[in-house]
file structure-v9.cif (mmCIF, C-alpha atoms and all ligand atoms)
data_data
loop_
_atom_site.label_atom_id
_atom_site.label_comp_id
_atom_site.auth_asym_id
_atom_site.auth_seq_id
_atom_site.Cartn_x
_atom_site.Cartn_y
_atom_site.Cartn_z
CA MET A 1 -10.38 8.39 -104.79
CA HIS A 2 -7.69 5.88 -105.65
CA LYS A 3 -5.14 6.69 -108.31
CA ASN A 4 -5.86 5.26 -111.75
CA PHE A 5 -2.28 4.60 -112.69
CA LYS A 6 -1.18 4.15 -116.29
CA ASN A 7 1.69 1.71 -116.68
CA ILE A 8 4.18 1.37 -119.56
CA GLU A 9 2.43 -0.44 -122.44
CA LYS A 10 5.27 -2.81 -123.34
CA ILE A 11 8.62 -3.71 -121.79
CA VAL A 12 11.41 -5.86 -123.16
CA TYR A 13 14.12 -6.70 -120.61
CA GLY A 14 17.45 -8.48 -120.95
CA ARG A 15 21.03 -8.25 -122.12
CA GLY A 16 21.10 -7.44 -125.84
CA ALA A 17 17.42 -6.35 -125.89
CA PHE A 18 18.57 -3.13 -127.63
CA ASN A 19 18.99 -5.17 -130.83
CA GLN A 20 15.22 -5.74 -130.99
CA MET A 21 14.50 -2.07 -131.57
CA ASP A 22 14.33 -2.21 -135.37
CA ASP A 23 11.68 -4.96 -135.28
CA ILE A 24 9.71 -3.07 -132.65
CA LEU A 25 9.70 0.20 -134.63
CA ASP A 26 8.96 -1.36 -138.02
CA PRO A 27 5.13 -1.57 -137.74
CA ILE A 28 4.96 1.95 -136.26
CA ARG A 29 6.74 3.48 -139.27
CA THR A 30 3.49 3.62 -141.26
CA ARG A 31 2.14 6.32 -138.92
CA ASN A 32 2.06 10.07 -139.71
CA ASP A 33 4.86 11.20 -142.06
CA ASN A 34 6.79 7.90 -141.90
CA PHE A 35 9.96 8.77 -140.09
CA PHE A 36 11.37 8.47 -136.56
CA VAL A 37 13.20 10.98 -134.37
CA PHE A 38 15.98 9.59 -132.18
CA VAL A 39 17.20 11.71 -129.26
CA VAL A 40 20.40 10.26 -127.89
CA ASP A 41 22.70 11.31 -125.03
CA ALA A 42 25.75 13.01 -126.59
CA TYR A 43 27.97 10.65 -124.58
CA PHE A 44 27.19 7.98 -127.22
CA GLU A 45 28.20 10.05 -130.26
CA GLY A 46 30.98 8.14 -132.03
CA LYS A 47 30.61 5.16 -129.66
CA GLU A 48 29.79 1.61 -130.70
CA LEU A 49 26.19 1.89 -129.48
CA ALA A 50 25.51 4.73 -131.94
CA THR A 51 26.27 2.37 -134.85
CA ARG A 52 23.61 -0.03 -133.58
CA ILE A 53 20.74 2.50 -133.52
CA PRO A 54 18.33 1.43 -136.30
CA VAL A 55 18.29 4.81 -138.05
CA ARG A 56 16.96 4.86 -141.61
CA PRO A 57 17.76 7.55 -144.20
CA GLU A 58 14.43 9.34 -143.63
CA ASP A 59 14.94 9.54 -139.84
CA VAL A 60 16.23 12.40 -137.68
CA LEU A 61 19.07 11.58 -135.28
CA LEU A 62 19.89 14.19 -132.61
CA PHE A 63 22.69 13.87 -130.07
CA ILE A 64 21.95 16.04 -127.02
CA ASP A 65 24.42 17.09 -124.35
CA VAL A 66 22.46 16.86 -121.09
CA ASP A 67 25.24 18.08 -118.80
CA PRO A 68 24.96 21.87 -119.11
CA LYS A 69 21.35 21.94 -117.92
CA GLU A 70 18.34 19.79 -117.09
CA PRO A 71 15.72 19.68 -119.91
CA THR A 72 13.96 23.00 -120.52
CA THR A 73 10.61 23.96 -122.02
CA ASP A 74 12.40 26.03 -124.72
CA GLN A 75 14.51 23.06 -125.72
CA ILE A 76 11.41 20.89 -126.27
CA ASP A 77 9.51 23.54 -128.21
CA GLU A 78 12.52 24.25 -130.46
CA LEU A 79 13.01 20.54 -131.15
CA ARG A 80 9.34 20.16 -132.07
CA ASP A 81 9.28 23.27 -134.26
CA SER A 82 12.43 22.41 -136.19
CA VAL A 83 11.38 18.81 -136.89
CA MET A 84 7.85 19.86 -137.91
CA ALA A 85 9.23 22.57 -140.22
CA SER A 86 11.72 20.31 -141.96
CA LYS A 87 10.01 16.90 -142.09
CA GLY A 88 6.48 17.00 -140.68
CA LEU A 89 4.91 14.84 -138.00
CA PRO A 90 7.07 11.87 -136.95
CA SER A 91 5.77 8.32 -136.57
CA GLY A 92 7.37 8.33 -133.16
CA ILE A 93 10.29 9.41 -131.01
CA VAL A 94 12.95 7.26 -129.34
CA GLY A 95 15.00 8.44 -126.34
CA ILE A 96 18.32 6.72 -125.55
CA GLY A 97 20.03 8.01 -122.39
CA GLY A 98 19.41 8.90 -118.74
CA GLY A 99 16.52 10.60 -116.98
CA SER A 100 17.11 13.81 -118.93
CA ILE A 101 16.78 12.10 -122.30
CA MET A 102 13.76 10.08 -121.07
CA ASP A 103 12.07 13.38 -120.18
CA ILE A 104 13.03 15.02 -123.50
CA ALA A 105 11.50 12.09 -125.44
CA LYS A 106 8.35 12.00 -123.32
CA ALA A 107 7.75 15.76 -123.40
CA SER A 108 8.49 16.07 -127.14
CA SER A 109 6.08 13.25 -127.91
CA LEU A 110 3.31 15.31 -126.27
CA MET A 111 4.29 18.64 -127.79
CA PHE A 112 4.14 17.23 -131.35
CA THR A 113 0.35 16.91 -130.97
CA ASN A 114 -0.52 19.75 -128.59
CA GLU A 115 -0.66 23.35 -129.76
CA GLY A 116 1.28 26.18 -128.22
CA THR A 117 4.29 25.98 -125.93
CA SER A 118 5.22 23.51 -123.22
CA PRO A 119 5.03 25.88 -120.19
CA GLN A 120 1.25 25.91 -120.83
CA TYR A 121 1.17 22.22 -119.97
CA GLN A 122 3.41 22.10 -116.87
CA GLY A 123 1.13 20.53 -114.29
CA LEU A 124 -1.33 17.67 -113.89
CA ASP A 125 -3.61 16.59 -116.77
CA LEU A 126 -3.27 19.79 -118.80
CA ILE A 127 -2.30 17.98 -122.01
CA LYS A 128 -5.29 17.61 -124.34
CA ASN A 129 -4.20 15.19 -127.06
CA GLU A 130 -2.38 11.87 -126.97
CA GLY A 131 1.27 12.29 -128.04
CA ILE A 132 3.07 10.44 -130.83
CA TYR A 133 4.46 6.95 -130.15
CA HIS A 134 7.42 7.14 -127.78
CA LEU A 135 9.99 4.56 -126.80
CA GLY A 136 12.55 4.90 -123.98
CA VAL A 137 15.89 3.16 -123.58
CA PRO A 138 17.54 4.03 -120.24
CA THR A 139 21.34 3.93 -120.20
CA ILE A 140 21.82 4.80 -116.52
CA SER A 141 19.66 3.35 -113.72
CA GLY A 142 17.92 5.05 -110.83
CA THR A 143 15.51 7.85 -111.60
CA GLY A 144 12.53 5.69 -112.59
CA ALA A 145 11.87 8.22 -115.37
CA GLU A 146 11.42 5.18 -117.63
CA CYS A 147 8.08 4.41 -115.96
CA SER A 148 6.79 7.65 -114.47
CA MET A 149 3.75 9.63 -115.64
CA THR A 150 5.75 12.83 -115.74
CA ALA A 151 8.31 14.56 -117.97
CA VAL A 152 10.13 17.08 -115.77
CA LEU A 153 11.01 20.39 -117.46
CA SER A 154 12.50 23.64 -116.23
CA GLY A 155 10.44 26.50 -117.59
CA PRO A 156 10.50 30.28 -117.31
CA GLU A 157 8.51 30.15 -114.07
CA LYS A 158 8.90 26.70 -112.58
CA LYS A 159 10.50 23.28 -112.69
CA LEU A 160 7.48 21.03 -113.10
CA GLY A 161 6.50 18.00 -115.13
CA LEU A 162 4.03 17.53 -117.95
CA LYS A 163 2.10 14.94 -116.01
CA CYS A 164 -0.68 12.81 -117.47
CA GLU A 165 -1.47 9.32 -118.76
CA TYR A 166 -0.17 10.15 -122.23
CA THR A 167 3.30 10.91 -120.84
CA VAL A 168 4.00 7.24 -120.09
CA PHE A 169 6.13 5.43 -122.67
CA ASN A 170 4.42 3.13 -125.16
CA GLN A 171 7.50 0.91 -125.06
CA VAL A 172 10.61 0.64 -122.91
CA ILE A 173 13.70 -1.40 -123.71
CA LEU A 174 15.64 -2.35 -120.58
CA ASP A 175 19.06 -3.62 -121.60
CA PRO A 176 21.50 -3.72 -118.66
CA GLU A 177 24.47 -3.92 -121.05
CA LEU A 178 23.97 -0.23 -121.84
CA THR A 179 24.87 0.99 -118.35
CA VAL A 180 28.34 -0.53 -118.24
CA SER A 181 30.10 2.73 -119.19
CA VAL A 182 28.52 4.96 -116.51
CA PRO A 183 31.28 6.67 -114.46
CA ARG A 184 31.37 5.70 -110.77
CA ASN A 185 30.11 8.93 -109.16
CA LYS A 186 27.21 9.31 -111.62
CA TRP A 187 26.43 5.62 -111.11
CA PHE A 188 26.25 6.09 -107.36
CA TYR A 189 24.18 9.28 -107.25
CA THR A 190 21.65 8.12 -109.84
CA ALA A 191 21.35 4.67 -108.25
CA MET A 192 20.77 6.37 -104.90
CA ASP A 193 17.71 8.10 -106.37
CA THR A 194 15.93 4.75 -106.46
CA PHE A 195 16.89 3.97 -102.84
CA ILE A 196 15.49 7.37 -101.83
CA HIS A 197 12.30 6.82 -103.88
CA CYS A 198 11.65 3.59 -101.99
CA VAL A 199 12.36 5.10 -98.55
CA GLU A 200 10.26 8.20 -99.17
CA SER A 201 7.43 6.19 -100.66
CA LYS A 202 7.46 4.03 -97.50
CA CYS A 203 7.71 6.80 -94.89
CA GLY A 204 4.47 8.68 -95.39
CA ILE A 205 0.70 8.57 -95.31
CA ASN A 206 0.20 7.56 -98.96
CA TYR A 207 2.07 4.29 -98.49
CA ASN A 208 0.04 1.18 -99.31
CA ILE A 209 0.48 -2.47 -100.21
CA TYR A 210 0.86 -1.73 -103.93
CA SER A 211 3.80 0.60 -103.15
CA LYS A 212 5.19 -1.84 -100.60
CA ALA A 213 5.20 -4.77 -103.02
CA TYR A 214 7.37 -2.88 -105.51
CA GLY A 215 9.30 -0.84 -102.95
CA ASP A 216 10.39 -3.72 -100.71
CA THR A 217 11.67 -5.65 -103.73
CA ALA A 218 13.58 -2.59 -104.91
CA LEU A 219 15.02 -1.98 -101.43
CA GLU A 220 16.24 -5.60 -101.27
CA LEU A 221 17.89 -5.13 -104.67
CA CYS A 222 19.42 -1.82 -103.48
CA LYS A 223 20.97 -3.58 -100.48
CA GLU A 224 22.67 -6.04 -102.83
CA VAL A 225 23.66 -3.27 -105.22
CA PHE A 226 25.23 -1.02 -102.57
CA LEU A 227 26.26 -3.31 -99.71
CA GLY A 228 26.20 -6.94 -100.92
CA ASP A 229 29.33 -9.13 -101.35
CA ASN A 230 29.34 -8.36 -105.05
CA SER A 231 28.27 -4.71 -104.75
CA GLY A 232 29.44 -1.98 -107.15
CA GLN A 233 29.41 -1.88 -110.91
CA ASN A 234 29.44 -5.31 -112.55
CA THR A 235 27.26 -7.41 -114.84
CA GLU A 236 25.04 -8.90 -112.15
CA ILE A 237 24.60 -5.59 -110.33
CA ASP A 238 23.75 -3.70 -113.55
CA GLU A 239 20.84 -6.12 -114.03
CA LYS A 240 19.61 -5.76 -110.46
CA LEU A 241 19.89 -1.99 -110.44
CA MET A 242 17.91 -1.64 -113.66
CA MET A 243 15.01 -3.52 -112.07
CA ALA A 244 15.39 -1.62 -108.78
CA SER A 245 15.04 1.64 -110.73
CA LEU A 246 11.83 0.45 -112.40
CA PHE A 247 10.34 -0.96 -109.18
CA GLY A 248 11.34 2.10 -107.13
CA GLY A 249 9.58 4.26 -109.71
CA LEU A 250 6.47 2.07 -109.60
CA SER A 251 6.48 2.18 -105.80
CA LEU A 252 6.60 5.95 -105.64
CA THR A 253 4.06 6.40 -108.44
CA TYR A 254 1.44 4.78 -106.25
CA SER A 255 2.63 6.57 -103.11
CA GLU A 256 4.57 9.87 -103.05
CA VAL A 257 8.03 11.26 -102.47
CA GLY A 258 8.57 13.38 -99.38
CA ALA A 259 10.91 15.75 -97.52
CA CYS A 260 14.06 14.82 -99.43
CA HIS A 261 12.67 15.40 -102.93
CA SER A 262 10.95 18.56 -101.79
CA LEU A 263 14.27 19.98 -100.51
CA SER A 264 16.08 18.64 -103.56
CA TYR A 265 13.77 20.63 -105.87
CA GLY A 266 14.79 23.81 -104.03
CA LEU A 267 18.47 22.97 -104.54
CA SER A 268 17.91 22.30 -108.26
CA VAL A 269 15.81 25.38 -108.96
CA VAL A 270 17.89 27.93 -107.03
CA LEU A 271 21.41 26.50 -107.30
CA GLY A 272 21.08 24.40 -110.48
CA MET A 273 22.12 21.23 -108.65
CA LYS A 274 21.39 17.96 -110.49
CA HIS A 275 18.40 15.99 -109.19
CA CYS A 276 20.10 12.82 -107.95
CA TYR A 277 23.10 14.63 -106.43
CA ALA A 278 20.80 17.14 -104.71
CA ASN A 279 18.83 14.25 -103.18
CA CYS A 280 22.03 12.85 -101.67
CA ILE A 281 22.99 16.27 -100.28
CA ALA A 282 19.58 16.52 -98.56
CA PHE A 283 18.97 12.91 -97.48
CA LYS A 284 21.94 12.75 -95.13
CA HIS A 285 20.31 15.39 -92.87
CA LEU A 286 16.84 13.90 -92.57
CA LYS A 287 17.13 11.46 -89.68
CA GLU A 288 13.88 12.61 -88.07
CA PHE A 289 12.06 11.69 -91.29
CA TYR A 290 13.92 8.57 -92.40
CA GLY A 291 15.49 7.12 -89.22
CA ASP A 292 17.72 4.07 -89.77
CA TYR A 293 17.61 4.52 -93.54
CA VAL A 294 19.93 7.51 -93.07
CA ALA A 295 22.40 5.21 -91.29
CA ASP A 296 22.11 2.75 -94.22
CA PHE A 297 22.78 5.65 -96.58
CA GLU A 298 25.93 6.60 -94.60
CA LYS A 299 27.13 2.98 -94.88
CA MET A 300 26.59 2.99 -98.63
CA ILE A 301 28.48 6.26 -99.03
CA ALA A 302 31.40 4.89 -96.98
CA HIS A 303 31.38 1.52 -98.77
CA HIS A 304 31.78 3.23 -102.16
CA ASN A 305 34.23 5.92 -101.01
CA ILE A 306 31.90 8.70 -102.13
CA GLU A 307 32.76 12.06 -100.66
CA LEU A 308 29.70 14.21 -100.13
CA PRO A 309 30.58 17.87 -99.55
CA GLN A 310 29.88 19.28 -96.06
CA ASN A 311 28.87 22.74 -94.85
CA LEU A 312 27.62 23.91 -98.24
CA SER A 313 25.14 26.24 -96.58
CA LYS A 314 27.88 28.51 -95.25
CA ASP A 315 28.23 29.86 -98.79
CA TRP A 316 24.48 30.35 -99.33
CA THR A 317 22.91 33.78 -98.76
CA GLU A 318 19.84 34.21 -96.57
CA GLU A 319 17.98 35.15 -99.74
CA GLN A 320 18.94 31.89 -101.47
CA ILE A 321 17.91 29.84 -98.43
CA THR A 322 14.55 31.62 -98.38
CA GLN A 323 14.08 31.06 -102.12
CA MET A 324 14.86 27.36 -101.77
CA ALA A 325 12.45 27.03 -98.84
CA GLU A 326 9.73 28.73 -100.90
CA VAL A 327 10.23 26.27 -103.76
CA SER A 328 10.07 23.43 -101.26
CA ILE A 329 6.95 24.54 -99.37
CA ASN A 330 5.19 24.95 -102.71
CA LEU A 331 5.23 21.17 -103.03
CA PRO A 332 2.52 20.61 -100.40
CA PHE A 333 1.63 17.07 -101.52
CA MET A 334 5.19 15.95 -100.60
CA TRP A 335 5.08 17.54 -97.12
CA ARG A 336 1.56 16.23 -96.56
CA HIS A 337 2.80 12.71 -97.38
CA ALA A 338 5.85 13.06 -95.11
CA ILE A 339 4.21 14.77 -92.11
CA GLY A 340 0.48 14.08 -92.27
CA GLU A 341 -2.87 15.64 -93.20
CA ASP A 342 -2.37 18.47 -90.71
CA TRP A 343 1.19 19.19 -91.82
CA GLU A 344 0.54 22.91 -92.16
CA ASN A 345 -0.14 23.17 -88.42
CA LYS A 346 3.17 21.50 -87.64
CA TRP A 347 5.52 22.75 -90.30
CA GLY A 348 6.47 25.99 -92.01
CA LEU A 349 9.01 27.99 -93.96
CA GLU A 350 11.33 28.46 -90.95
CA ASP A 351 11.50 24.67 -90.35
CA ILE A 352 12.47 24.13 -93.97
CA LYS A 353 15.09 26.88 -93.82
CA ALA A 354 16.58 25.17 -90.75
CA LEU A 355 16.95 21.95 -92.77
CA TYR A 356 18.78 23.82 -95.56
CA ARG A 357 21.12 25.37 -92.98
CA ARG A 358 22.18 21.85 -91.90
CA MET A 359 23.46 20.99 -95.40
P1 LIG A 401 21.11 12.36 -116.89
O1 LIG A 401 20.23 11.93 -117.99
O2 LIG A 401 21.08 13.79 -116.49
O3 LIG A 401 22.59 11.90 -117.19
C1 LIG A 401 23.58 11.95 -116.18
C2 LIG A 401 24.94 11.79 -116.77
O4 LIG A 401 25.20 10.42 -117.09
C3 LIG A 401 25.16 12.57 -118.06
O5 LIG A 401 26.46 13.10 -117.99
C4 LIG A 401 25.09 11.51 -119.14
O6 LIG A 401 25.83 11.86 -120.28
C5 LIG A 401 25.70 10.33 -118.43
N1 LIG A 401 25.35 9.00 -118.94
C6 LIG A 401 24.11 8.47 -119.11
N2 LIG A 401 24.20 7.19 -119.52
C7 LIG A 401 25.53 6.92 -119.63
C8 LIG A 401 26.27 5.75 -120.00
N3 LIG A 401 25.66 4.59 -120.30
N4 LIG A 401 27.61 5.84 -120.00
C9 LIG A 401 28.25 6.98 -119.66
N5 LIG A 401 27.61 8.10 -119.28
C10 LIG A 401 26.26 8.06 -119.27
O7 LIG A 401 20.87 11.47 -115.59
P2 LIG A 401 19.80 10.99 -114.62
O8 LIG A 401 20.40 11.16 -113.28
O9 LIG A 401 19.33 9.64 -115.06
O10 LIG A 401 18.56 11.98 -114.81
C11 LIG A 401 18.43 13.21 -114.18
C12 LIG A 401 17.26 13.93 -114.83
O11 LIG A 401 16.10 13.13 -114.71
C13 LIG A 401 16.93 15.27 -114.23
O12 LIG A 401 16.67 16.17 -115.29
C14 LIG A 401 15.67 15.01 -113.43
O13 LIG A 401 14.83 16.15 -113.35
C15 LIG A 401 15.03 13.92 -114.22
N6 LIG A 401 14.15 13.04 -113.45
C16 LIG A 401 12.95 12.72 -114.00
C17 LIG A 401 12.08 11.89 -113.35
C18 LIG A 401 10.78 11.55 -113.96
O14 LIG A 401 10.00 10.83 -113.37
N7 LIG A 401 10.48 12.01 -115.15
C19 LIG A 401 12.44 11.33 -112.12
C20 LIG A 401 13.68 11.67 -111.58
C21 LIG A 401 14.54 12.52 -112.26
ZN ZN A 402 14.05 11.23 -107.72
#

call {"tool": "encode", "arguments": {"input": "structure-v9.cif", "output": "structure tokens", "more": "lines below"}}
Ligand code: NAD
Ligand code: ZN
result
Amino acid sequence: MHKNFKNIEKIVYGRGAFNQMDDILDPIRTRNDNFFVFVVDAYFEGKELATRIPVRPEDVLLFIDVDPKEPTTDQIDELRDSVMASKGLPSGIVGIGGGSIMDIAKASSLMFTNEGTSPQYQGLDLIKNEGIYHLGVPTISGTGAECSMTAVLSGPEKKLGLKCEYTVFNQVILDPELTVSVPRNKWFYTAMDTFIHCVESKCGINYNIYSKAYGDTALELCKEVFLGDNSGQNTEIDEKLMMASLFGGLSLTYSEVGACHSLSYGLSVVLGMKHCYANCIAFKHLKEFYGDYVADFEKMIAHHNIELPQNLSKDWTEEQITQMAEVSINLPFMWRHAIGEDWENKWGLEDIKALYRRM
């Protein structure tokens, strides 16, 4: 069976596109109890962008600090419960920020219309009802969370997405002006997520021409972003990277991620490492999976003077390494993609532990 992939319903792209938000939301305001919820990365509180958010007196504006932890199931359920108790059912929700805020907006949209708590819905196609209207505005490029069918949450038992057609945004506003303030290290690690999405999508059995069409374009853009004459953070690169993020996400959606993301999940769950940073920690050690792309990665790291820590595993206990390997092996679709149909005959917990010991 081929995937029946749901794409974003509407996209507006270009410098200054953010200013179109009020017009876009206006016709939606007649829905439900006639107000919008805006969830915005706390970085923007008090900044010029915050004054341009088209908030009306009836709306709810929440600034959320995403740095202490990745989005949790509790956080989503509390947000839903407090808004429902004070104002009722929103017309829609708008997320303005990075991958974390994209996931908070997507997951909340679903939990406003589905009973119970969000851990019940962590998995594929468990959501029963379509969510409320949701609009995403990425302010940092790389994760592809703006286009994916999943909203990744850490719950009491697992880190897993609410994954279904309804998760996908109704509208995305891609305005490259918004990423200008991203600090250099965060810029690099998050941007690298899209490079890794393209490489992993390519190096595995689910790869196909649909994934290639998006992935090759994104890889070309990544080369210019990281290694071109005009590489680094600037106006032209911000535009290219925003499209690379979208295309990398579309490439992987129709293929799969592989060894690197599987190991990265272990690092995030057990050590609390951030997704994009954890990918970089793992990718460097995966030459047998990703060949020359690892050499390209090394060049990019050197070109941008990024210092990745070495020998982290010397401080990890045997128990932590085993826990991480267990998280990783419980993502069989990633290992199947990376190694092949018969991956279980070729690969096991000890092989994964050996990879963690290299880090
Ligand atoms: P993030 O949302 O965690 O933000 C990273 C940092 O960048 C934060 O400190 C934030 O305040 C800051 N930031 C964002 N925009 C900024 C700007 N314009 N100027 C200054 N600072 C800015 O970052 P991320 O790396 O985009 O997302 C990581 C999250 O995304 C993880 O929770 C991960 O699980 C999730 N993710 C989801 C998907 C998906 O498909 N749903 C895919 C990959 C990752
Ligand atoms: Zn990723």

call {"tool": "closest_atom_pairs", "arguments": {"input": "structure-v9.cif", "of": "chain A", "to": "ligand ZN 402 (chain A)", "cutoff": "12 Å", "atoms": "all atoms listed in the file", "output": "Markdown table"}}
result
| residue | atom | partner | partner_atom | distance |
| --- | --- | --- | --- | --- |
| A:Gly99 | CA | A:ZN402 | ZN | 9.6 |
| A:Ser100 | CA | A:ZN402 | ZN | 11.9 |
| A:Ser141 | CA | A:ZN402 | ZN | 11.4 |
| A:Gly142 | CA | A:ZN402 | ZN | 7.9 |
| A:Thr143 | CA | A:ZN402 | ZN | 5.3 |
| A:Gly144 | CA | A:ZN402 | ZN | 7.5 |
| A:Ala145 | CA | A:ZN402 | ZN | 8.5 |
| A:Glu146 | CA | A:ZN402 | ZN | 11.9 |
| A:Ser148 | CA | A:ZN402 | ZN | 10.5 |
| A:Thr150 | CA | A:ZN402 | ZN | 11.7 |
| A:Val152 | CA | A:ZN402 | ZN | 10.7 |
| A:Tyr189 | CA | A:ZN402 | ZN | 10.3 |
| A:Thr190 | CA | A:ZN402 | ZN | 8.5 |
| A:Ala191 | CA | A:ZN402 | ZN | 9.8 |
| A:Met192 | CA | A:ZN402 | ZN | 8.8 |
| A:Asp193 | CA | A:ZN402 | ZN | 5.0 |
| A:Thr194 | CA | A:ZN402 | ZN | 6.9 |
| A:Phe195 | CA | A:ZN402 | ZN | 9.2 |
| A:Ile196 | CA | A:ZN402 | ZN | 7.2 |
| A:His197 | CA | A:ZN402 | ZN | 6.1 |
| A:Cys198 | CA | A:ZN402 | ZN | 9.8 |
| A:Val199 | CA | A:ZN402 | ZN | 11.2 |
| A:Glu200 | CA | A:ZN402 | ZN | 9.8 |
| A:Ser201 | CA | A:ZN402 | ZN | 10.9 |
| A:Ser245 | CA | A:ZN402 | ZN | 10.1 |
| A:Leu246 | CA | A:ZN402 | ZN | 12.0 |
| A:Gly248 | CA | A:ZN402 | ZN | 9.5 |
| A:Gly249 | CA | A:ZN402 | ZN | 8.5 |
| A:Ser251 | CA | A:ZN402 | ZN | 12.0 |
| A:Leu252 | CA | A:ZN402 | ZN | 9.4 |
| A:Thr253 | CA | A:ZN402 | ZN | 11.1 |
| A:Glu256 | CA | A:ZN402 | ZN | 10.7 |
| A:Val257 | CA | A:ZN402 | ZN | 8.0 |
| A:Gly258 | CA | A:ZN402 | ZN | 10.2 |
| A:Ala259 | CA | A:ZN402 | ZN | 11.6 |
| A:Cys260 | CA | A:ZN402 | ZN | 9.0 |
| A:His261 | CA | A:ZN402 | ZN | 6.5 |
| A:Ser262 | CA | A:ZN402 | ZN | 9.9 |
| A:Leu263 | CA | A:ZN402 | ZN | 11.3 |
| A:Ser264 | CA | A:ZN402 | ZN | 8.7 |
| A:Tyr265 | CA | A:ZN402 | ZN | 9.6 |
| A:Ser268 | CA | A:ZN402 | ZN | 11.7 |
| A:Lys274 | CA | A:ZN402 | ZN | 10.3 |
| A:His275 | CA | A:ZN402 | ZN | 6.6 |
| A:Cys276 | CA | A:ZN402 | ZN | 6.3 |
| A:Tyr277 | CA | A:ZN402 | ZN | 9.8 |
| A:Ala278 | CA | A:ZN402 | ZN | 9.5 |
| A:Asn279 | CA | A:ZN402 | ZN | 7.3 |
| A:Cys280 | CA | A:ZN402 | ZN | 10.1 |
| A:Ala282 | CA | A:ZN402 | ZN | 11.9 |
| A:Phe283 | CA | A:ZN402 | ZN | 11.5 |

call {"tool": "atom_distance", "arguments": {"input": "structure-v9.cif", "atom1": "atom CA of A:His2", "atom2": "atom C20 of ligand LIG 401 (chain A)"}}
result
22.9 Å

call {"tool": "residues_around", "arguments": {"input": "structure-v9.cif", "residues": "A:Gly155", "least_positions_apart": "2", "cutoff": "7 Å", "atoms": "all atoms listed in the file", "output": "CSV table (one decimal) with C-alpha atoms, keeping the file's coordinate frame"}}
result
chain,number,residue,atom,x,y,z
A,72,THR,CA,14.0,23.0,-120.5
A,73,THR,CA,10.6,24.0,-122.0
A,119,PRO,CA,5.0,25.9,-120.2
A,153,LEU,CA,11.0,20.4,-117.5
A,157,GLU,CA,8.5,30.2,-114.1
A,158,LYS,CA,8.9,26.7,-112.6
A,159,LYS,CA,10.5,23.3,-112.7

call {"tool": "closest_residue", "arguments": {"input": "structure-v9.cif", "among": "A:Leu219, A:Leu135, A:Leu79, A:Val182", "to": "A:Val168", "atoms": "only C-alpha atoms"}}
result
A:Leu135

call {"tool": "atom_distance", "arguments": {"input": "structure-v9.cif", "atom1": "atom CA of A:Asn206", "atom2": "atom C17 of ligand LIG 401 (chain A)"}}
result
19.2 Å

call {"tool": "closest_residue", "arguments": {"input": "structure-v9.cif", "among": "A:Lys314, A:His303, A:Lys223, A:Lys186", "to": "ligand LIG 401 (chain A)", "atoms": "only C-alpha atoms and all ligand atoms"}}
result
A:Lys186

call {"tool": "closest_residue", "arguments": {"input": "structure-v9.cif", "among": "A:Ile53, A:Val83, A:Ala105, A:Met1", "to": "ligand LIG 401 (chain A)", "atoms": "all atoms listed in the file"}}
result
A:Ala105

call {"tool": "closest_residue", "arguments": {"input": "structure-v9.cif", "among": "A:Ile28, A:Cys222, A:Met149, A:Val172", "to": "A:Asp125", "atoms": "all atoms listed in the file"}}
result
A:Met149

call {"tool": "residues_around", "arguments": {"input": "structure-v9.cif", "residues": "stretch 228-240 of chain A", "least_positions_apart": "5", "cutoff": "10 Å", "atoms": "all atoms listed in the file", "output": "list in words"}}
result
Tyr13, Gly14, Arg15, Ile140, Ser141, Leu174, Asp175, Pro176, Glu177, Leu178, Thr179, Val180, Ser181, Val182, Pro183, Arg184, Trp187, Phe188, Ala218, Glu220, Leu221, Cys222, Lys223, Ser245, Met300, His303 and His304 of chain A

call {"tool": "closest_residue", "arguments": {"input": "structure-v9.cif", "among": "A:Gly136, A:Pro156, A:Gly340, A:Pro71", "to": "ligand LIG 401 (chain A)", "atoms": "all atoms listed in the file"}}
result
A:Pro71

call {"tool": "atom_distance", "arguments": {"input": "structure-v9.cif", "atom1": "atom CA of A:Gly97", "atom2": "atom CA of A:Val40"}}
result
6.0 Å

call {"tool": "closest_residue", "arguments": {"input": "structure-v9.cif", "among": "A:Met21, A:Leu126, A:Ile339, A:Val39", "to": "A:Gly204", "atoms": "all atoms listed in the file"}}
result
A:Ile339
